[in-house]
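This is coords12.txt (compact mmCIF, C-alpha atoms).
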```
# COMPACT_ATOMS: atom_id res chain seq x y z
CA MET A 2 -25.69 -6.25 -4.35
CA LYS A 3 -23.36 -8.64 -2.54
CA ALA A 4 -20.49 -7.39 -0.43
CA VAL A 5 -17.72 -8.57 1.88
CA GLN A 6 -18.61 -7.36 5.36
CA PHE A 7 -18.16 -7.88 9.09
CA ALA A 8 -20.43 -6.82 11.94
CA GLU A 9 -17.79 -7.06 14.66
CA HIS A 10 -14.02 -7.04 14.99
CA GLY A 11 -12.15 -10.30 15.32
CA GLY A 12 -10.50 -13.13 13.45
CA ARG A 13 -11.11 -14.25 9.90
CA ASP A 14 -14.31 -15.96 11.01
CA VAL A 15 -16.10 -12.58 11.31
CA ILE A 16 -15.85 -12.06 7.54
CA GLU A 17 -19.11 -12.66 5.68
CA TYR A 18 -20.17 -12.35 2.06
CA GLY A 19 -23.81 -11.46 1.59
CA GLU A 20 -26.46 -8.97 0.61
CA PHE A 21 -25.94 -5.26 1.18
CA PRO A 22 -28.02 -2.26 0.01
CA ASP A 23 -27.15 -1.00 -3.47
CA PRO A 24 -25.19 2.28 -3.44
CA GLU A 25 -26.61 5.50 -4.88
CA ALA A 26 -24.59 8.38 -6.25
CA GLY A 27 -24.89 11.64 -4.32
CA ARG A 28 -23.64 15.04 -5.39
CA GLY A 29 -20.09 14.71 -6.66
CA GLU A 30 -20.11 10.92 -6.32
CA VAL A 31 -19.70 8.02 -8.74
CA VAL A 32 -21.10 4.48 -8.55
CA VAL A 33 -18.62 1.90 -9.87
CA ASP A 34 -19.29 -1.67 -11.00
CA VAL A 35 -16.30 -3.35 -9.36
CA LYS A 36 -14.33 -5.66 -11.65
CA ALA A 37 -11.49 -6.40 -9.21
CA GLY A 38 -10.28 -5.41 -5.76
CA ALA A 39 -7.01 -5.91 -3.91
CA LEU A 40 -6.03 -6.37 -0.29
CA ASN A 41 -3.56 -4.47 1.85
CA HIS A 42 -2.34 -5.21 5.36
CA LEU A 43 -4.53 -2.41 6.67
CA ASP A 44 -7.51 -4.68 5.84
CA ILE A 45 -6.21 -7.05 8.51
CA TRP A 46 -5.88 -4.31 11.11
CA THR A 47 -9.28 -2.87 10.25
CA ARG A 48 -10.88 -6.28 10.71
CA LYS A 49 -9.14 -6.76 14.06
CA GLY A 50 -9.97 -3.23 15.21
CA LEU A 51 -7.85 -0.08 15.35
CA PRO A 52 -7.59 2.09 18.47
CA GLY A 53 -9.60 5.28 18.05
CA VAL A 54 -11.36 4.11 14.87
CA ASP A 55 -15.08 3.59 15.49
CA LEU A 56 -16.58 2.00 12.38
CA ASP A 57 -20.19 1.96 11.25
CA MET A 58 -21.20 -1.68 11.30
CA PRO A 59 -21.54 -3.74 9.24
CA HIS A 60 -18.30 -2.58 7.66
CA ILE A 61 -17.25 -3.27 4.07
CA PRO A 62 -13.44 -3.49 3.91
CA GLY A 63 -11.19 -2.78 0.95
CA SER A 64 -9.10 0.23 -0.13
CA ASP A 65 -8.20 -0.87 -3.66
CA CYS A 66 -10.52 -1.55 -6.60
CA ALA A 67 -11.02 -0.94 -10.30
CA GLY A 68 -14.11 -1.11 -12.45
CA VAL A 69 -16.58 0.60 -14.77
CA VAL A 70 -18.59 3.75 -13.99
CA ALA A 71 -22.26 2.74 -13.63
CA GLU A 72 -23.78 6.02 -12.46
CA VAL A 73 -22.65 9.61 -11.89
CA GLY A 74 -24.13 12.03 -9.41
CA GLU A 75 -24.96 15.69 -9.86
CA ASP A 76 -21.96 17.97 -10.53
CA VAL A 77 -19.68 15.12 -11.63
CA THR A 78 -17.63 16.39 -14.57
CA ARG A 79 -14.61 14.09 -14.94
CA PHE A 80 -16.37 10.78 -15.64
CA SER A 81 -19.26 9.33 -17.60
CA GLU A 82 -21.04 5.99 -17.56
CA GLY A 83 -18.85 3.28 -19.09
CA ASP A 84 -15.51 4.85 -18.14
CA ARG A 85 -12.79 2.55 -16.76
CA VAL A 86 -11.55 3.77 -13.37
CA ALA A 87 -9.45 2.84 -10.35
CA LEU A 88 -9.66 4.05 -6.76
CA LEU A 89 -7.38 6.42 -4.86
CA SER A 90 -8.53 5.68 -1.34
CA GLY A 91 -7.17 8.70 0.55
CA VAL A 92 -9.90 11.28 1.20
CA SER A 93 -9.02 14.92 1.87
CA CYS A 94 -11.22 17.96 2.46
CA GLY A 95 -9.74 20.17 -0.26
CA GLU A 96 -10.06 23.27 1.92
CA CYS A 97 -7.62 23.13 4.86
CA GLU A 98 -4.17 24.74 4.82
CA PHE A 99 -2.52 21.46 3.80
CA CYS A 100 -4.93 20.75 0.94
CA ARG A 101 -4.54 24.31 -0.33
CA ASP A 102 -0.79 23.69 -0.35
CA GLY A 103 -1.27 20.49 -2.39
CA GLU A 104 -0.42 18.19 0.55
CA HIS A 105 -3.59 16.11 0.45
CA SER A 106 -2.29 13.31 2.69
CA LEU A 107 -1.56 15.86 5.44
CA CYS A 108 -5.18 17.06 5.36
CA SER A 109 -6.64 17.88 8.76
CA SER A 110 -9.47 15.39 8.16
CA PHE A 111 -7.56 12.87 6.02
CA HIS A 112 -9.02 9.37 6.09
CA ILE A 113 -8.87 6.20 4.03
CA ILE A 114 -11.73 4.46 2.27
CA GLY A 115 -11.94 0.94 3.65
CA GLU A 116 -10.08 1.78 6.86
CA HIS A 117 -12.04 4.64 8.39
CA VAL A 118 -15.20 4.47 6.27
CA ARG A 119 -16.87 1.73 4.25
CA GLY A 120 -14.67 0.24 1.58
CA VAL A 121 -14.94 -1.20 -1.88
CA HIS A 122 -14.85 -5.01 -1.69
CA SER A 123 -18.32 -5.41 -3.11
CA GLU A 124 -20.08 -5.79 -6.45
CA GLN A 125 -20.66 -2.02 -6.55
CA THR A 126 -19.29 0.92 -4.63
CA VAL A 127 -19.87 4.67 -4.44
CA VAL A 128 -16.96 7.07 -3.99
CA PRO A 129 -16.21 10.79 -4.45
CA GLU A 130 -15.33 11.76 -8.02
CA GLU A 131 -11.93 13.09 -6.96
CA ASN A 132 -10.97 9.66 -5.63
CA LEU A 133 -11.03 8.04 -9.06
CA VAL A 134 -8.44 7.94 -11.82
CA PRO A 135 -8.92 6.80 -15.44
CA VAL A 136 -7.61 3.36 -16.39
CA PRO A 137 -6.35 2.89 -19.97
CA GLU A 138 -8.00 0.21 -22.11
CA HIS A 139 -4.85 -1.92 -22.33
CA VAL A 140 -4.51 -2.29 -18.54
CA ASP A 141 -6.13 -5.42 -17.10
CA TRP A 142 -8.44 -5.19 -14.09
CA GLU A 143 -6.12 -7.11 -11.77
CA THR A 144 -3.27 -4.66 -12.39
CA ALA A 145 -5.55 -1.63 -12.10
CA ALA A 146 -6.89 -2.86 -8.75
CA ALA A 147 -3.55 -3.94 -7.29
CA ALA A 148 -1.45 -0.86 -8.10
CA PRO A 149 -2.88 2.36 -6.62
CA LEU A 150 -2.38 2.21 -2.85
CA VAL A 151 1.05 0.58 -2.74
CA PHE A 152 2.68 2.39 -5.65
CA GLN A 153 1.50 5.85 -4.61
CA THR A 154 2.70 5.09 -1.06
CA ALA A 155 6.12 3.89 -2.23
CA TRP A 156 6.46 6.84 -4.64
CA ARG A 157 5.90 9.44 -1.92
CA MET A 158 8.03 7.59 0.62
CA LEU A 159 11.08 7.35 -1.57
CA LEU A 160 10.94 10.33 -3.91
CA THR A 161 9.15 13.07 -1.97
CA ARG A 162 9.79 12.29 1.68
CA GLY A 163 12.98 10.21 1.38
CA GLU A 164 14.45 12.30 -1.46
CA VAL A 165 16.31 9.33 -2.90
CA SER A 166 18.85 10.33 -5.53
CA PRO A 167 20.80 8.30 -8.12
CA GLY A 168 23.64 6.25 -6.68
CA GLU A 169 22.30 6.10 -3.14
CA LYS A 170 21.91 2.80 -1.32
CA VAL A 171 18.35 1.88 -0.32
CA LEU A 172 17.28 -1.03 1.88
CA VAL A 173 13.67 -2.21 1.48
CA LEU A 174 12.36 -4.40 4.28
CA GLY A 175 9.64 -6.95 3.55
CA ALA A 176 10.17 -6.74 -0.19
CA SER A 177 7.63 -9.48 -0.88
CA GLY A 178 4.67 -7.45 0.39
CA GLY A 179 2.60 -4.90 -1.46
CA VAL A 180 4.42 -1.73 -0.39
CA GLY A 181 7.75 -3.55 -0.27
CA HIS A 182 7.68 -4.84 -3.82
CA ALA A 183 6.53 -1.41 -5.04
CA ALA A 184 9.34 0.29 -3.12
CA VAL A 185 11.97 -1.94 -4.74
CA GLN A 186 10.78 -0.83 -8.17
CA VAL A 187 10.49 2.87 -7.30
CA ALA A 188 13.97 2.89 -5.71
CA LYS A 189 15.47 1.20 -8.74
CA HIS A 190 13.70 3.67 -11.03
CA ALA A 191 15.24 6.50 -8.99
CA GLY A 192 18.72 5.14 -9.77
CA ALA A 193 19.45 3.69 -6.34
CA GLU A 194 21.39 0.57 -5.47
CA VAL A 195 18.67 -1.59 -3.94
CA TYR A 196 18.96 -4.04 -1.05
CA ALA A 197 15.88 -6.14 -0.22
CA THR A 198 14.87 -8.51 2.57
CA ALA A 199 12.42 -11.41 2.40
CA SER A 200 11.84 -14.74 4.14
CA SER A 201 12.52 -17.33 1.44
CA GLN A 202 14.71 -17.88 -1.59
CA GLU A 203 11.68 -17.82 -3.87
CA LYS A 204 10.70 -14.37 -2.59
CA LEU A 205 14.30 -13.15 -2.89
CA ASP A 206 14.41 -14.35 -6.50
CA TYR A 207 11.27 -12.36 -7.25
CA ALA A 208 12.83 -9.30 -5.60
CA GLU A 209 15.84 -9.62 -7.90
CA GLU A 210 13.54 -9.91 -10.93
CA ILE A 211 11.95 -6.55 -10.15
CA GLY A 212 15.19 -4.68 -9.47
CA ALA A 213 16.93 -5.64 -6.22
CA ASP A 214 20.72 -5.65 -6.55
CA TYR A 215 21.30 -7.52 -3.28
CA THR A 216 18.92 -9.71 -1.29
CA ILE A 217 18.92 -10.90 2.32
CA ASP A 218 16.95 -13.74 3.89
CA TYR A 219 16.03 -12.10 7.18
CA GLU A 220 15.11 -15.42 8.78
CA ALA A 221 18.58 -16.85 8.13
CA ASN A 222 20.60 -13.65 8.64
CA ASP A 223 20.78 -10.61 10.90
CA PHE A 224 20.00 -8.13 8.15
CA ALA A 225 21.77 -5.21 9.85
CA SER A 226 25.01 -7.20 10.09
CA ARG A 227 24.61 -8.37 6.52
CA ILE A 228 24.13 -4.79 5.33
CA ARG A 229 27.35 -3.79 7.07
CA GLU A 230 29.16 -6.61 5.28
CA LEU A 231 27.73 -5.75 1.88
CA THR A 232 28.49 -2.02 2.20
CA GLY A 233 31.98 -2.29 3.71
CA LYS A 234 30.68 -1.24 7.15
CA ARG A 235 29.26 1.98 5.71
CA GLY A 236 25.52 1.23 5.81
CA VAL A 237 22.75 2.39 3.48
CA ASP A 238 21.47 5.90 2.89
CA VAL A 239 17.78 5.03 3.22
CA VAL A 240 15.82 2.25 4.93
CA VAL A 241 12.18 1.68 3.96
CA ASP A 242 10.64 0.20 7.12
CA HIS A 243 6.91 -0.58 7.14
CA VAL A 244 7.40 -3.50 9.54
CA GLY A 245 7.75 -1.61 12.82
CA ALA A 246 8.72 -2.98 16.22
CA ALA A 247 10.35 -6.20 15.00
CA THR A 248 12.85 -4.41 12.74
CA TRP A 249 13.22 -0.87 14.07
CA GLN A 250 16.49 -1.21 15.95
CA ASP A 251 18.15 -3.06 13.07
CA SER A 252 16.85 -0.47 10.63
CA LEU A 253 18.71 2.23 12.56
CA LYS A 254 21.82 0.02 12.73
CA SER A 255 21.71 -0.42 8.94
CA LEU A 256 21.96 3.31 8.23
CA ALA A 257 25.09 5.15 7.23
CA LYS A 258 25.92 8.35 9.08
CA GLY A 259 23.44 11.00 8.04
CA GLY A 260 21.07 8.33 6.75
CA ARG A 261 17.30 8.31 6.93
CA VAL A 262 14.64 5.76 7.73
CA VAL A 263 11.25 6.25 6.09
CA THR A 264 8.18 4.56 7.50
CA CYS A 265 4.59 4.27 6.33
CA GLY A 266 3.38 1.56 8.70
CA ALA A 267 4.11 -0.82 11.53
CA THR A 268 2.65 -4.25 10.87
CA THR A 269 4.48 -5.80 13.86
CA GLY A 270 3.61 -3.00 16.26
CA GLY A 271 3.99 0.75 16.48
CA ARG A 272 5.83 1.19 19.79
CA PRO A 273 9.37 -0.17 19.35
CA GLU A 274 12.32 0.57 21.60
CA THR A 275 14.56 3.07 19.87
CA ASP A 276 18.20 4.05 20.23
CA ILE A 277 18.17 7.83 20.61
CA ASN A 278 21.95 7.90 21.10
CA ARG A 279 22.42 6.32 17.68
CA ILE A 280 20.01 8.81 16.12
CA PHE A 281 21.71 11.95 17.38
CA TRP A 282 25.32 10.71 17.21
CA ASN A 283 24.97 9.49 13.62
CA GLN A 284 22.68 12.42 12.74
CA LEU A 285 19.96 10.16 11.40
CA LYS A 286 16.57 11.27 10.13
CA VAL A 287 13.30 9.48 10.97
CA ILE A 288 10.69 10.35 8.34
CA GLY A 289 7.01 9.48 8.30
CA SER A 290 4.96 9.14 5.14
CA THR A 291 1.28 8.38 4.48
CA MET A 292 -0.27 7.60 1.09
CA ALA A 293 0.36 10.43 -1.44
CA THR A 294 -0.91 13.64 -2.95
CA LEU A 295 -3.22 13.31 -5.94
CA GLY A 296 -0.42 14.45 -8.22
CA GLU A 297 2.05 11.94 -6.79
CA ALA A 298 -0.51 9.17 -7.24
CA ASP A 299 -1.03 10.21 -10.86
CA ASP A 300 2.72 10.15 -11.49
CA ALA A 301 3.18 6.73 -9.88
CA LEU A 302 0.26 5.17 -11.75
CA GLN A 303 1.42 6.54 -15.09
CA HIS A 304 4.52 4.38 -14.62
CA VAL A 305 2.27 1.39 -13.94
CA TRP A 306 0.11 2.04 -16.99
CA ASP A 307 3.15 2.34 -19.28
CA GLY A 308 4.73 -0.84 -17.89
CA THR A 309 7.67 0.73 -16.04
CA PHE A 310 6.32 -0.66 -12.78
CA GLU A 311 4.70 -4.08 -12.52
CA PRO A 312 2.36 -4.98 -9.66
CA ARG A 313 3.12 -8.63 -8.90
CA ILE A 314 0.03 -10.64 -8.01
CA ARG A 315 0.43 -13.68 -5.78
CA GLU A 316 -3.14 -14.98 -6.17
CA VAL A 317 -6.54 -14.04 -7.63
CA LEU A 318 -9.55 -15.29 -5.67
CA PRO A 319 -13.34 -14.94 -5.91
CA ILE A 320 -14.41 -12.20 -3.53
CA SER A 321 -16.51 -14.73 -1.59
CA GLU A 322 -13.17 -16.23 -0.48
CA THR A 323 -11.91 -13.01 1.11
CA ALA A 324 -11.21 -14.86 4.37
CA ARG A 325 -8.64 -16.92 2.49
CA ALA A 326 -7.19 -13.71 1.03
CA HIS A 327 -6.73 -12.39 4.57
CA GLU A 328 -5.03 -15.67 5.49
CA LEU A 329 -2.54 -15.29 2.64
CA LEU A 330 -1.50 -11.89 3.98
CA GLU A 331 -1.40 -12.90 7.62
CA ASN A 332 0.72 -15.97 6.89
CA ARG A 333 2.98 -14.07 4.45
CA GLU A 334 2.27 -16.60 1.72
CA GLY A 335 3.60 -15.63 -1.72
CA PHE A 336 4.98 -12.46 -3.30
CA GLY A 337 3.10 -9.27 -4.18
CA LYS A 338 -0.60 -8.44 -4.01
CA VAL A 339 -3.69 -10.55 -3.40
CA VAL A 340 -6.59 -9.73 -5.74
CA VAL A 341 -10.27 -10.56 -5.25
CA LYS A 342 -12.89 -10.41 -7.98
CA PRO A 343 -16.68 -10.40 -7.61
CA ASP A 344 -17.85 -13.97 -8.10
CA SER A 345 -19.79 -12.88 -11.19
CA GLU A 346 -16.51 -11.57 -12.70
CA TYR A 347 -14.24 -14.43 -11.59
```

Give the structure from the file, written as structure tokens.
Amino acid sequence: MKAVQFAEHGGRDVIEYGEFPDPEAGRGEVVVDVKAGALNHLDIWTRKGLPGVDLDMPHIPGSDCAGVVAEVGEDVTRFSEGDRVALLSGVSCGECEFCRDGEHSLCSSFHIIGEHVRGVHSEQTVVPEENLVPVPEHVDWETAAAAPLVFQTAWRMLLTRGEVSPGEKVLVLGASGGVGHAAVQVAKHAGAEVYATASSQEKLDYAEEIGADYTIDYEANDFASRIRELTGKRGVDVVVDHVGAATWQDSLKSLAKGGRVVTCGATTGGRPETDINRIFWNQLKVIGSTMATLGEADDALQHVWDGTFEPRIREVLPISETARAHELLENREGFGKVVVKPDSEY
């Protein structure tokens, strides 16, 4: 088969598209003919190299894909050849205290396909049976590939960890990105009043289309000051911050007393200065969230399959142009997800 791969960490020039050994299904595993894949910002960090993550090289990136079951291994019971499936990329052991409690993303050995082990941006891939979900016939491959990681992440962040309730005010930073645009929709679905930031009027217009009540151009405005203006100096109940160092202080400033900031990532750096005085005096909560449980992922995707949530796709490219897909994410070009399709499917 052909696969996206890199043999060393670095810039976009390390990305290659070439031959790779065909996968074989082991016990409890499924081989999938990939019809579409999607990128996430973690693909950028994986390519550049993550501290403490020692990858087997060459590494195939990619944590989102959808396709057709080509082969099933021994003991597979949920799927048969020809089934339409999508990937849930979080891998848990199923046996530790957290897994037994249903908290799969807190698993002692939790890891992500494409980030910690070989990913799925290839013509075929092999994954554990439990990491696949059925895709209804009416759902197109681009939607099925683009939805799983970001919508399960946003669902857990806002509903489980953030405990957003109807009538609360929620600020979503970076609303044009994958997690951001999913979080806008999940917050709106939860009955919140949604505030969203982005870097252009076009992106802000898209954010309004998918549910934002108020939008802020963060390049033209200090978003924390703007939030104070829009809320009568009160602030918001919840901030969704997956940006990190560049926004952290203003995220805390944007919160009402007793508010909470929920984070699932730090694309601008994970070691920001923080205002501890503001945290204890205003009794703020800082909440971490990673991916989702299998049940949460099922719930989030059901809302994608029935059309409640809509993954926005900024561009669809042949998988041989994955370097360009990385460029789109790095340069923050467009709104929503970037999808790649095997050249034979494009």

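Residues within 6 Å of Val92 in chain A, counting all atoms listed in the file and excluding same-chain residues fewer than 4 positions away, are Phe111, His112 and Ile113 of chain A.
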
Subject >> Point-to-point distance from CA of Met292 in chain A to CA of Asp242 in chain A, Å rounded to tenths >> reply: 14.5 Å

**OP:** Work out how far CA of Val187 in chain A is from CA of Val262 in chain A, in Å to one decimal.
**Re:** 15.9 Å

Subject >> Atom-to-atom span, CA of Ser110 in chain A and CA of Val136 in chain A, Å >> reply: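 CA of Val136 in chain A lies at a distance of 27.4 Å from CA of Ser110 in chain A.
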
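Close contacts of range 72-74 of chain A, defined as residues with an atom at most 8 Å away when counting only C-alpha atoms, with chain neighbours fewer than 4 positions off set aside, comprise Ala26, Gly27, Arg28, Gly29, Glu30, Val31, Val32, Val33, Phe80, Ser81 and Glu82 of chain A.
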
Original post:
Taking all atoms listed in the file into account, which of A:Asn132, A:Asn283, A:Ser90, A:Ser201 comes nearest Val77 in chain A?
Top reply: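 Ranking A:Asn132, A:Asn283, A:Ser90, A:Ser201 by distance to Val77 in chain A, first place goes to A:Asn132.
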
**OP:** Show which residues sit within 10 Å of Glu164 in chain A, as number ranges by chain. Count only C-alpha atoms, and ignore same-chain residues fewer than 5 positions away.
**Re:** A: 157-159, 191, 239, 261

Filtering to C-alpha atoms, could you give me those residues as a PDB file, keeping the file's coordinate frame?
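What landed in selection.pdb:
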```
ATOM      1  CA  ARG A 157       5.900   9.440  -1.920  1.00  0.00           C
ATOM      2  CA  MET A 158       8.030   7.590   0.620  1.00  0.00           C
ATOM      3  CA  LEU A 159      11.080   7.350  -1.570  1.00  0.00           C
ATOM      4  CA  ALA A 191      15.240   6.500  -8.990  1.00  0.00           C
ATOM      5  CA  VAL A 239      17.780   5.030   3.220  1.00  0.00           C
ATOM      6  CA  ARG A 261      17.300   8.310   6.930  1.00  0.00           C
TER       7      ARG A 261
END
```

Original post:
Could you list as a ChimeraX atom specification every residue that has an atom within 9 Å of (24.6, -4.1, -4.9), using the file's coordinates and counting only C-alpha atoms?
Top reply: /A:170,194-196,213-216,231-232

What residues have an atom no more than 6 Å from (-3.9, -10.7, 1.6) in the file's own frame, counting all atoms listed in the file, and can you write them as an mmCIF file with C-alpha atoms, keeping the file's coordinate frame?
```cif
data_model
loop_
_atom_site.group_PDB
_atom_site.id
_atom_site.type_symbol
_atom_site.label_atom_id
_atom_site.label_comp_id
_atom_site.auth_asym_id
_atom_site.auth_seq_id
_atom_site.Cartn_x
_atom_site.Cartn_y
_atom_site.Cartn_z
ATOM 1 C CA LEU A 40 -6.030 -6.370 -0.290
ATOM 2 C CA ALA A 326 -7.190 -13.710 1.030
ATOM 3 C CA HIS A 327 -6.730 -12.390 4.570
ATOM 4 C CA LEU A 329 -2.540 -15.290 2.640
ATOM 5 C CA LEU A 330 -1.500 -11.890 3.980
ATOM 6 C CA VAL A 339 -3.690 -10.550 -3.400
#
```

**OP:** Rank nothing, just name the residue among A:Ile217, A:Ile16, A:Leu56, A:Leu88 nearest to Glu230 in chain A, using all atoms listed in the file.
**Re:**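 Comparing A:Ile217, A:Ile16, A:Leu56, A:Leu88 against Glu230 in chain A, the winner is A:Ile217.
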